[in-house]
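> What follows is final-v9.txt; its format and atoms are compact mmCIF, C-alpha atoms.
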```
# COMPACT_ATOMS: atom_id res chain seq x y z
CA MET A 1 41.91 47.97 118.89
CA ARG A 2 42.16 51.68 119.85
CA GLY A 3 45.70 51.02 121.19
CA LYS A 4 46.81 49.55 117.87
CA ARG A 5 45.42 52.58 115.98
CA ARG A 6 47.37 54.95 118.20
CA SER A 7 50.68 53.08 117.77
CA GLY A 8 51.02 54.52 114.24
CA GLN A 9 50.66 58.04 115.59
CA ILE A 10 53.27 57.24 118.21
CA ILE A 11 55.70 56.17 115.48
CA ILE A 12 55.19 59.54 113.75
CA LEU A 13 55.66 61.39 117.01
CA ALA A 14 58.81 59.38 117.79
CA ALA A 15 60.15 60.14 114.31
CA LEU A 16 59.44 63.83 114.76
CA THR A 17 61.19 63.76 118.15
CA ILE A 18 64.22 62.01 116.65
CA ALA A 19 64.29 64.54 113.80
CA PHE A 20 64.07 67.39 116.27
CA ILE A 21 66.91 65.92 118.35
CA ILE A 22 69.11 65.46 115.26
CA LEU A 23 68.52 69.02 114.08
CA SER A 24 68.98 70.64 117.48
CA THR A 25 72.15 68.62 118.16
CA THR A 26 73.56 69.67 114.79
CA ILE A 27 72.80 73.33 115.40
CA TYR A 28 74.20 73.15 118.94
CA VAL A 29 77.45 71.52 117.78
CA TYR A 30 77.76 74.10 115.01
CA GLN A 31 77.27 77.01 117.40
CA ILE A 32 79.74 75.58 119.90
CA SER A 33 82.35 75.10 117.19
CA GLN A 34 81.82 78.68 116.05
CA ASN A 35 82.53 79.89 119.59
CA LEU A 36 85.74 77.88 119.85
CA HIS A 37 87.75 80.91 118.71
CA PRO A 38 88.24 83.01 121.83
CA GLU A 39 89.22 86.08 119.82
CA ASP A 40 86.31 88.25 118.83
CA GLN A 41 87.88 89.40 115.58
CA PRO A 42 87.59 87.28 112.45
CA LEU A 43 90.78 85.64 111.23
CA HIS A 44 91.22 87.85 108.18
CA LEU A 45 90.98 90.98 110.34
CA ARG A 46 93.55 89.69 112.80
CA GLY A 47 95.81 88.81 109.89
CA PHE A 48 95.41 92.24 108.33
CA ILE A 49 96.06 94.03 111.64
CA GLY A 50 99.23 91.95 112.16
CA ASN A 51 100.33 92.80 108.63
CA VAL A 52 99.83 96.56 109.18
CA LYS A 53 101.75 96.40 112.46
CA ILE A 54 104.72 94.67 110.83
CA ALA A 55 104.64 97.04 107.83
CA SER A 56 104.61 100.16 110.02
CA ARG A 57 107.41 98.75 112.17
CA ILE A 58 109.62 97.96 109.17
CA LEU A 59 108.89 101.36 107.63
CA MET A 60 109.91 103.14 110.84
CA MET A 61 113.05 101.02 111.02
CA GLY A 62 114.01 101.93 107.46
CA SER A 63 113.17 105.60 107.99
CA LEU A 64 115.27 105.78 111.15
CA ALA A 65 118.16 104.09 109.35
CA ASN A 66 117.93 106.71 106.59
CA ILE A 67 117.63 109.65 108.99
CA SER A 68 120.49 108.47 111.22
CA ASN A 69 122.61 108.24 108.07
CA GLY A 70 121.96 111.85 107.15
CA GLY A 71 118.44 111.76 105.73
CA GLU A 72 115.89 114.47 106.39
CA ASN A 73 113.95 114.31 109.65
CA GLY A 74 110.70 115.00 107.80
CA SER A 75 111.05 111.79 105.81
CA LEU A 76 109.60 109.77 108.71
CA ARG A 77 106.27 111.60 108.47
CA ASN A 78 106.28 111.48 104.66
CA ASN A 79 106.97 107.76 104.61
CA LEU A 80 104.24 107.03 107.14
CA GLN A 81 101.76 109.12 105.15
CA ARG A 82 102.67 107.14 102.04
CA LEU A 83 102.14 103.86 103.89
CA ARG A 84 98.83 105.12 105.26
CA SER A 85 97.37 105.98 101.88
CA PHE A 86 98.73 102.74 100.37
CA ILE A 87 97.12 100.59 103.04
CA GLU A 88 93.84 102.52 103.03
CA SER A 89 93.46 102.36 99.27
CA ASN A 90 94.24 98.65 99.04
CA TYR A 91 91.95 97.40 101.78
CA GLN A 92 89.11 95.52 100.07
CA ARG A 93 86.88 94.35 102.90
CA GLY A 94 85.29 97.66 103.83
CA ARG A 95 86.56 100.95 105.17
CA CYS A 96 90.09 101.28 106.53
CA ILE A 97 91.53 104.34 108.27
CA LEU A 98 95.11 104.26 109.51
CA SER A 99 96.18 107.27 111.51
CA PHE A 100 99.44 107.94 113.30
CA ARG A 101 100.88 110.47 115.72
CA LEU A 102 104.60 111.03 115.98
CA CYS A 103 105.83 111.20 119.56
CA GLU A 104 106.35 114.76 120.81
CA VAL A 105 107.06 113.93 124.42
CA SER A 106 110.55 115.07 125.44
CA PRO A 107 113.22 114.00 124.48
CA TYR A 108 111.35 113.14 121.23
CA SER A 109 110.61 115.70 118.59
CA SER A 110 108.61 114.82 115.46
CA GLY A 111 108.86 111.19 116.53
CA LEU A 112 112.65 111.22 116.65
CA TRP A 113 115.27 111.22 119.36
CA ILE A 114 118.79 111.26 118.02
CA PHE A 115 121.37 112.07 120.63
CA TRP A 116 125.03 111.23 120.10
CA GLY A 117 126.54 112.33 123.39
CA THR A 118 130.08 112.86 124.63
CA ASP A 119 129.57 111.01 127.90
CA GLY A 120 129.60 107.52 126.42
CA PHE A 121 125.93 107.38 125.47
CA GLY A 122 124.43 107.56 122.00
CA VAL A 123 120.89 106.87 120.85
CA SER A 124 118.88 106.87 117.63
CA SER A 125 115.19 106.35 118.18
CA ALA A 126 111.83 106.75 116.43
CA LYS A 127 108.47 106.47 118.15
CA ALA A 128 104.88 106.80 116.95
CA ASP A 129 101.37 105.84 118.03
CA PHE A 130 99.03 104.27 115.48
CA SER A 131 95.31 103.77 115.28
CA LEU A 132 93.77 101.39 112.76
CA ASN A 133 90.04 101.63 112.19
CA LEU A 134 88.44 98.85 110.14
CA ALA A 135 84.74 98.81 109.38
CA ASP A 136 82.36 96.81 107.23
CA GLU A 137 78.58 96.56 107.14
CA ARG A 138 78.56 94.34 110.25
CA GLU A 139 81.14 95.73 112.66
CA GLU A 140 83.81 98.29 113.37
CA ILE A 141 87.17 97.48 114.95
CA ILE A 142 89.62 100.02 116.30
CA THR A 143 93.15 98.85 117.08
CA LYS A 144 95.71 101.08 118.74
CA TYR A 145 99.37 100.26 118.93
CA SER A 146 102.75 101.95 119.34
CA VAL A 147 105.97 101.41 117.48
CA ASN A 148 109.26 102.25 119.12
CA ILE A 149 112.52 101.59 117.29
CA THR A 150 115.52 102.42 119.44
CA THR A 151 119.20 101.64 119.09
CA HIS A 152 121.50 102.90 121.79
CA ILE A 153 125.11 102.27 122.69
CA LEU A 154 127.08 102.71 125.89
CA ILE A 155 130.83 103.03 125.67
CA SER A 156 133.66 103.37 128.14
CA ALA A 157 137.40 103.68 127.50
CA THR A 158 140.62 103.48 129.47
CA SER A 159 144.11 104.62 128.64
CA GLU A 160 147.01 102.82 130.26
CA ARG A 161 150.61 103.91 129.98
CA GLU A 162 152.97 101.19 128.77
CA GLU A 163 156.41 100.63 130.15
CA SER A 164 157.97 101.85 126.92
CA PRO A 165 157.88 105.64 127.01
CA GLY A 166 155.19 107.29 124.86
CA PHE A 167 153.11 104.15 124.35
CA TYR A 168 149.56 103.88 125.61
CA VAL A 169 147.13 100.96 125.56
CA ILE A 170 143.57 102.07 124.88
CA ARG A 171 140.75 99.70 125.82
CA VAL A 172 137.21 100.45 124.71
CA THR A 173 134.10 98.59 125.83
CA ILE A 174 130.96 98.95 123.73
CA ARG A 175 127.50 97.69 124.56
CA VAL A 176 124.78 97.76 121.90
CA PHE A 177 121.05 97.67 122.57
CA ASN A 178 117.93 97.39 120.42
CA GLU A 179 114.76 98.48 122.22
CA GLY A 180 116.60 98.12 125.52
CA SER A 181 117.77 94.56 124.94
CA PRO A 182 121.35 93.61 124.08
CA ALA A 183 121.80 93.38 120.31
CA LEU A 184 124.48 92.59 117.80
CA CYS A 185 125.91 95.23 115.53
CA LYS A 186 126.80 95.00 111.88
CA ASN A 187 129.75 97.32 111.86
CA LEU A 188 131.82 99.11 114.48
CA THR A 189 134.40 101.81 113.86
CA ILE A 190 136.48 103.30 116.64
CA TYR A 191 138.26 106.65 116.47
CA TYR A 192 140.63 108.34 118.92
CA THR A 193 142.08 111.82 119.21
CA ASP A 194 145.74 112.68 119.15
CA TYR A 195 147.46 115.44 121.08
CA TYR A 196 146.21 118.08 118.62
CA GLY A 197 142.62 116.89 118.75
CA ASN A 198 142.64 115.24 115.31
CA TRP A 199 140.59 112.08 114.91
CA HIS A 200 142.24 108.85 113.74
CA GLU A 201 140.69 105.50 112.98
CA ALA A 202 141.84 102.84 115.43
CA GLY A 203 141.14 100.05 112.93
CA SER A 204 144.05 101.17 110.77
CA LEU A 205 146.54 100.41 113.55
CA ASN A 206 148.38 97.09 113.47
CA SER A 207 147.79 96.63 117.19
CA TYR A 208 144.01 96.97 116.85
CA SER A 209 141.90 94.03 117.94
CA LEU A 210 138.14 93.77 118.46
CA LYS A 211 136.51 91.07 120.51
CA ASP A 212 132.84 90.17 120.06
CA TYR A 213 131.34 88.51 123.12
CA GLY A 214 128.22 87.56 121.14
CA ASN A 215 125.84 89.18 123.61
CA GLY A 216 125.92 92.75 122.37
CA THR A 217 129.17 93.54 124.17
CA TYR A 218 132.35 94.31 122.25
CA SER A 219 135.79 95.26 123.48
CA ALA A 220 138.55 96.83 121.46
CA ARG A 221 142.20 97.19 122.31
CA PHE A 222 144.89 99.15 120.53
CA LEU A 223 148.29 100.64 121.17
CA ILE A 224 149.17 104.22 120.27
CA PHE A 225 152.34 106.23 120.45
CA GLU A 226 152.25 109.81 121.64
CA SER A 227 155.45 111.64 122.42
CA LYS A 228 153.58 114.29 124.40
CA ARG A 229 151.51 113.30 127.39
CA MET A 230 147.79 113.73 126.82
CA LEU A 231 145.27 114.19 129.61
CA ASN A 232 141.83 114.01 128.03
CA ARG A 233 142.03 111.63 125.11
CA LYS A 234 138.67 111.13 123.44
CA VAL A 235 137.37 107.96 121.88
CA LYS A 236 134.45 107.88 119.47
CA VAL A 237 132.51 104.79 118.40
CA LEU A 238 130.45 104.69 115.23
CA CYS A 239 128.05 101.76 115.24
CA PHE A 240 125.66 100.35 112.67
CA ASP A 241 123.29 97.81 114.11
CA ARG A 242 121.83 94.92 112.09
CA ARG A 243 119.00 97.20 110.95
CA GLU A 244 121.52 99.70 109.51
CA ILE A 245 120.64 102.28 112.17
CA ARG A 246 123.61 104.47 112.92
CA VAL A 247 124.58 105.55 116.43
CA ILE A 248 127.63 107.47 117.58
CA ALA A 249 128.93 107.91 121.11
CA THR A 250 132.01 109.70 122.38
CA THR A 251 133.76 109.42 125.70
CA THR A 252 136.92 110.54 127.42
CA CYS A 253 139.50 107.89 128.30
CA GLU A 254 139.90 107.14 131.95
CA ARG A 255 143.57 107.10 132.82
CA ILE A 256 144.90 104.07 134.65
CA MET B 1 39.55 43.57 104.66
CA HIS B 2 39.68 45.97 107.60
CA ARG B 3 42.90 44.35 108.89
CA CYS B 4 44.46 44.62 105.42
CA ARG B 5 43.75 48.39 105.36
CA GLN B 6 45.25 48.74 108.82
CA GLY B 7 48.41 47.05 107.62
CA GLN B 8 48.68 49.47 104.67
CA ILE B 9 48.28 52.45 107.00
CA ARG B 10 51.06 51.09 109.25
CA VAL B 11 53.35 50.78 106.25
CA LEU B 12 52.52 54.37 105.21
CA GLU B 13 53.15 55.62 108.74
CA ALA B 14 56.46 53.81 108.90
CA PHE B 15 57.44 55.36 105.53
CA LEU B 16 56.42 58.78 106.83
CA ALA B 17 58.56 58.28 109.96
CA VAL B 18 61.56 57.24 107.87
CA ILE B 19 61.05 60.28 105.62
CA VAL B 20 60.94 62.60 108.65
CA VAL B 21 64.17 61.19 110.14
CA PHE B 22 66.03 61.21 106.84
CA GLY B 23 64.73 64.71 106.15
CA ALA B 24 66.28 65.87 109.39
CA LEU B 25 69.57 64.22 108.47
CA LEU B 26 69.51 65.84 105.03
CA LEU B 27 68.72 69.25 106.52
CA SER B 28 71.61 69.06 108.97
CA ARG B 29 74.12 68.03 106.29
CA PRO B 30 74.53 71.47 104.60
CA ILE B 31 75.35 73.03 107.98
CA TYR B 32 78.23 70.60 108.46
CA ALA B 33 79.31 70.99 104.86
CA SER B 34 79.47 74.79 105.14
CA TYR B 35 81.27 74.50 108.48
CA ASP B 36 83.84 72.11 107.05
CA ASP B 37 84.39 74.45 104.09
CA SER B 38 84.85 77.56 106.25
CA ALA B 39 87.16 75.64 108.59
CA ASP B 40 89.23 74.59 105.58
CA GLN B 41 89.42 78.20 104.43
CA GLU B 42 90.45 79.37 107.90
CA ILE B 43 93.22 76.78 108.12
CA LEU B 44 94.49 77.74 104.68
CA TYR B 45 94.31 81.45 105.51
CA SER B 46 96.16 81.12 108.81
CA ILE B 47 98.88 78.90 107.29
CA GLY B 48 99.39 81.34 104.41
CA MET B 49 99.34 84.42 106.61
CA ASN B 50 101.79 82.86 109.08
CA ALA B 51 104.15 81.96 106.24
CA LEU B 52 104.07 85.52 104.87
CA MET B 53 104.53 87.08 108.31
CA HIS B 54 107.43 84.75 109.02
CA LEU B 55 109.06 85.66 105.71
CA ASP B 56 108.53 89.36 106.36
CA GLN B 57 109.52 89.41 110.04
CA ASP B 58 112.96 90.93 109.51
CA GLY B 59 112.04 92.72 106.31
CA ASP B 60 113.55 89.89 104.23
CA LEU B 61 110.60 89.58 101.88
CA GLY B 62 110.79 93.28 100.93
CA ARG B 63 114.51 92.96 100.27
CA LEU B 64 114.02 89.88 98.07
CA ILE B 65 111.26 91.63 96.10
CA SER B 66 113.46 94.70 95.58
CA GLN B 67 116.20 92.38 94.34
CA ARG B 68 113.62 90.64 92.07
CA ASN B 69 114.84 87.37 93.53
CA TRP B 70 111.74 85.29 92.70
CA THR B 71 113.59 81.97 92.92
CA GLU B 72 114.60 82.61 96.50
CA ILE B 73 111.08 83.72 97.46
CA SER B 74 109.66 80.58 95.88
CA SER B 75 112.10 78.27 97.64
CA ARG B 76 111.52 79.96 101.01
CA LEU B 77 107.75 79.67 100.58
CA SER B 78 108.09 76.02 99.66
CA ILE B 79 110.07 75.45 102.85
CA LEU B 80 107.66 77.40 105.04
CA LEU B 81 104.45 75.89 103.69
CA PRO B 82 103.69 72.33 104.75
CA ILE B 83 103.73 69.50 102.23
CA GLY B 84 100.37 69.10 100.56
CA PHE B 85 99.81 72.73 99.62
CA SER B 86 99.90 74.37 96.27
CA TYR B 87 100.35 78.13 95.94
CA ASN B 88 100.70 80.98 93.51
CA LEU B 89 102.27 84.28 94.53
CA THR B 90 101.86 87.52 92.63
CA VAL B 91 103.82 90.65 93.51
CA TYR B 92 102.48 94.15 92.76
CA ASP B 93 104.24 97.49 93.06
CA GLU B 94 102.76 100.71 94.46
CA GLU B 95 100.88 101.37 91.21
CA LEU B 96 99.58 97.78 91.27
CA ASN B 97 101.65 96.65 88.30
CA ILE B 98 102.64 93.00 88.42
CA LEU B 99 106.35 92.77 89.19
CA ASN B 100 107.16 89.08 88.99
CA ASP B 101 107.95 88.35 85.36
CA SER B 102 108.26 84.66 86.13
CA PRO B 103 105.50 82.83 88.02
CA ILE B 104 106.08 82.03 91.67
CA PHE B 105 104.06 78.88 92.19
CA SER B 106 104.05 75.28 93.28
CA GLY B 107 101.49 72.63 92.36
CA ASP B 108 98.06 72.93 90.83
CA LEU B 109 95.57 75.44 92.22
CA ASN B 110 92.58 73.66 90.71
CA ALA B 111 91.07 72.70 94.07
CA LYS B 112 87.70 73.00 95.79
CA SER B 113 88.94 75.30 98.52
CA ILE B 114 91.29 78.16 97.60
CA VAL B 115 92.13 81.22 99.67
CA SER B 116 93.61 84.46 98.48
CA ILE B 117 95.70 86.41 100.98
CA GLN B 118 96.73 89.99 100.37
CA TYR B 119 99.79 91.21 102.24
CA VAL B 120 101.47 94.63 102.36
CA ILE B 121 105.28 94.63 102.21
CA VAL B 122 107.75 97.40 102.99
CA ASP B 123 111.34 97.20 101.82
CA ARG B 124 113.47 98.44 104.71
CA GLU B 125 116.27 99.77 102.50
CA SER B 126 114.53 101.47 99.59
CA LEU B 127 111.25 102.02 101.56
CA ASN B 128 109.31 100.85 98.50
CA LEU B 129 105.84 99.49 99.13
CA TYR B 130 104.53 96.29 97.58
CA ILE B 131 101.49 94.07 97.75
CA VAL B 132 101.75 90.33 97.45
CA ARG B 133 98.76 88.11 96.74
CA LEU B 134 99.16 84.53 97.83
CA GLN B 135 96.66 81.98 96.54
CA LEU B 136 96.77 78.80 98.53
CA ALA B 137 95.04 75.45 98.17
CA TRP B 138 95.33 71.87 99.29
CA VAL B 139 96.99 69.66 96.70
CA LYS B 140 94.39 67.39 95.10
```
Can the structure in the file be given as structure tokens, please?

Amino acid sequence: MRGKRRSGQIIILAALTIAFIILSTTIYVYQISQNLHPEDQPLHLRGFIGNVKIASRILMMGSLANISNGGENGSLRNNLQRLRSFIESNYQRGRCILSFRLCEVSPYSSGLWIFWGTDGFGVSSAKADFSLNLADEREEIITKYSVNITTHILISATSEREESPGFYVIRVTIRVFNEGSPALCKNLTIYYTDYYGNWHEAGSLNSYSLKDYGNGTYSARFLIFESKRMLNRKVKVLCFDRREIRVIATTTCERI
Amino acid sequence: MHRCRQGQIRVLEAFLAVIVVFGALLLSRPIYASYDDSADQEILYSIGMNALMHLDQDGDLGRLISQRNWTEISSRLSILLPIGFSYNLTVYDEELNILNDSPIFSGDLNAKSIVSIQYVIVDRESLNLYIVRLQLAWVK
């Protein structure tokens, strides 16, 4: 009789246990699924940080293209300041501080290194370090990153005397790099000097041909006539890469 | 008489047990519902953000905005976003004036779960700054 009375209490206890198991399993599964994302930062923050990185990279690319085409050096800083205030004022999830520091480590000055040498090397580069600080009522995230936009070219040239007197074959090899990796260029113009040191565009010659190897290497060949023998003929290459960044390099022809 | 009362108590206890178990099930349901909703939002957000980043990778999106080429932006977005999504894109200039005079959209945004993604764009040539706001939802 006492056993039968207790069986009702056991049903209640069993029901409570089942309820407890259901609730704890649900909470456990929920917590586990929340921890499935290995990154600590919420998705919207990661997205925003990625967006700022791309924006600052594109801005530096555009600024370097402008500066290498004759724009003012100070425009890089001005443009970055404009981007900073634009990003800071349009961030809606809390506080956002974007700071940058233009590279001043030699050979850079004010974030720029533009060197168009006479030994076959030319470079146009911009470099800056960024720090993005995002904060809301719950957390604060600081992200640091660097942006380096560099286009450089390496050129070499040879001058070979043809059998016909006064004719020379000039061969120029150009290699283009973006951030150290071979890259394609948008436009290449080759110039050479005559006996009097005047520059002429090789592309206007009928004999001019340019070969694109498709891997950032280009070779040009052209025939010139010079009645007087010239010892140190110079060749200059003006290159625009796909990002419109201009680089110039000059070299002296090696005589074969 | 006594046995009859015992039977009634059993029935009451059984009802109580059922109520407890169903109560637990009902309590756990909102947790799943909110999880499902936030997971939906996260999927939508990451798909939208990836599409915008992909469009902007070489500065193409900034160029298209500067050219006011809304048709091209719309067709590229339609290609990048998977089938089953509806979107609406609004482009703002630096002073937050709306630039797109014609709507850039696909499908109906009248859905339960909608995300709004804000994205900063730089045009590589003119160095103009823009903001695009992409609203994304599953097609009903």
> Starting from chain A, keep only residues with some atom at most 10 Å from an atom of chain B, counting all atoms listed in the file, and report them as a PyMOL selection string.
chain A and resi 4-5+7-27+29-30+33-34+42-44+46-48+50-52+54-66+79+82-83+86-87+90-92+243-244
> Would you kindly return, as an NGL selection string, each protein, DNA or RNA residue with an atom no farther than 7 Å from any atom of segment 173-176 of chain A, considering only C-alpha atoms and excluding same-chain residues fewer than 3 positions away?
:A and (152-157 or 182-185 or 216-220)
> In Å, how far is it from atom CA of Phe240 of chain A to atom CA of Ser124 of chain A?
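Interatomic distance, atom CA of Phe240 of chain A to atom CA of Ser124 of chain A: 10.6 Å.
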> In Å to one decimal, how far is atom CA of Val115 of chain B from atom CA of Asn69 of chain B?
24.3 Å
> Kindly indicate which residue among A:Asn78, A:Ser125, A:Thr143, A:Ser204 lies nearest to Ile49 of chain A, using all atoms listed in the file for the distances.
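Once distances to Ile49 of chain A are computed over all atoms listed in the file, the minimum belongs to A:Thr143.
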> To one decimal place, how far is atom CA of Arg95 of chain A from atom CA of Asp129 of chain A in Å?
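Atom CA of Asp129 of chain A lies 20.2 Å from atom CA of Arg95 of chain A.
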> I'd like the neighbourhood of Leu223 of chain A as a PyMOL selection string, where a residue qualifies if any of its atoms comes within 9 Å (using all atoms listed in the file), though same-chain residues fewer than 4 positions away should be ignored.
chain A and resi 162+167-171+202+205-208
> Counting only C-alpha atoms, figure out which residue out of A:Thr189, A:Asn178, A:Thr118, A:Leu210 gets nearest to Lys234 of chain A.
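Answer, going by the shortest atom-to-atom distance: A:Thr118.
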> Tell me which protein, DNA and RNA residues are within 8 Å of Tyr192 of chain A, counting all atoms listed in the file, leaving out same-chain ones fewer than 6 positions away, and put them as a list in words.
Trp199, His200, Glu201, Ala202, Arg233, Lys234, Val235 and Lys236 of chain A
> Env of Phe130 of chain A: 9 Å cut, atoms = only C-alpha atoms, seq-sep filter 2 positions within chain, self excluded. Answer as an mmCIF file with C-alpha atoms, in the coordinates of the input.

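Below is the file that was written, part04.cif:
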```cif
data_model
loop_
_atom_site.group_PDB
_atom_site.id
_atom_site.type_symbol
_atom_site.label_atom_id
_atom_site.label_comp_id
_atom_site.auth_asym_id
_atom_site.auth_seq_id
_atom_site.Cartn_x
_atom_site.Cartn_y
_atom_site.Cartn_z
ATOM 1 C CA LYS A 53 101.750 96.400 112.460
ATOM 2 C CA SER A 56 104.610 100.160 110.020
ATOM 3 C CA LEU A 98 95.110 104.260 109.510
ATOM 4 C CA SER A 99 96.180 107.270 111.510
ATOM 5 C CA PHE A 100 99.440 107.940 113.300
ATOM 6 C CA ARG A 101 100.880 110.470 115.720
ATOM 7 C CA LEU A 102 104.600 111.030 115.980
ATOM 8 C CA ALA A 128 104.880 106.800 116.950
ATOM 9 C CA LEU A 132 93.770 101.390 112.760
ATOM 10 C CA THR A 143 93.150 98.850 117.080
ATOM 11 C CA LYS A 144 95.710 101.080 118.740
ATOM 12 C CA TYR A 145 99.370 100.260 118.930
ATOM 13 C CA SER A 146 102.750 101.950 119.340
ATOM 14 C CA VAL A 147 105.970 101.410 117.480
#
```
> What's the 12 Å shell around Glu140 of chain A, counting all atoms listed in the file, without same-chain residues fewer than 4 positions away, as a list in words?
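Listed by chain and then number, they are Asp40, Gln41, Pro42, Leu45, Arg93, Gly94, Arg95, Cys96, Ile97, Leu132, Asn133, Leu134, Ala135 and Asp136 of chain A.
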> Save out the residues we just selected, C-alpha atoms, as a PDB file, in the coordinates of the input.

```
ATOM      1  CA  ASP A  40      86.310  88.250 118.830  1.00  0.00           C
ATOM      2  CA  GLN A  41      87.880  89.400 115.580  1.00  0.00           C
ATOM      3  CA  PRO A  42      87.590  87.280 112.450  1.00  0.00           C
ATOM      4  CA  LEU A  45      90.980  90.980 110.340  1.00  0.00           C
ATOM      5  CA  ARG A  93      86.880  94.350 102.900  1.00  0.00           C
ATOM      6  CA  GLY A  94      85.290  97.660 103.830  1.00  0.00           C
ATOM      7  CA  ARG A  95      86.560 100.950 105.170  1.00  0.00           C
ATOM      8  CA  CYS A  96      90.090 101.280 106.530  1.00  0.00           C
ATOM      9  CA  ILE A  97      91.530 104.340 108.270  1.00  0.00           C
ATOM     10  CA  LEU A 132      93.770 101.390 112.760  1.00  0.00           C
ATOM     11  CA  ASN A 133      90.040 101.630 112.190  1.00  0.00           C
ATOM     12  CA  LEU A 134      88.440  98.850 110.140  1.00  0.00           C
ATOM     13  CA  ALA A 135      84.740  98.810 109.380  1.00  0.00           C
ATOM     14  CA  ASP A 136      82.360  96.810 107.230  1.00  0.00           C
TER      15      ASP A 136
END
```
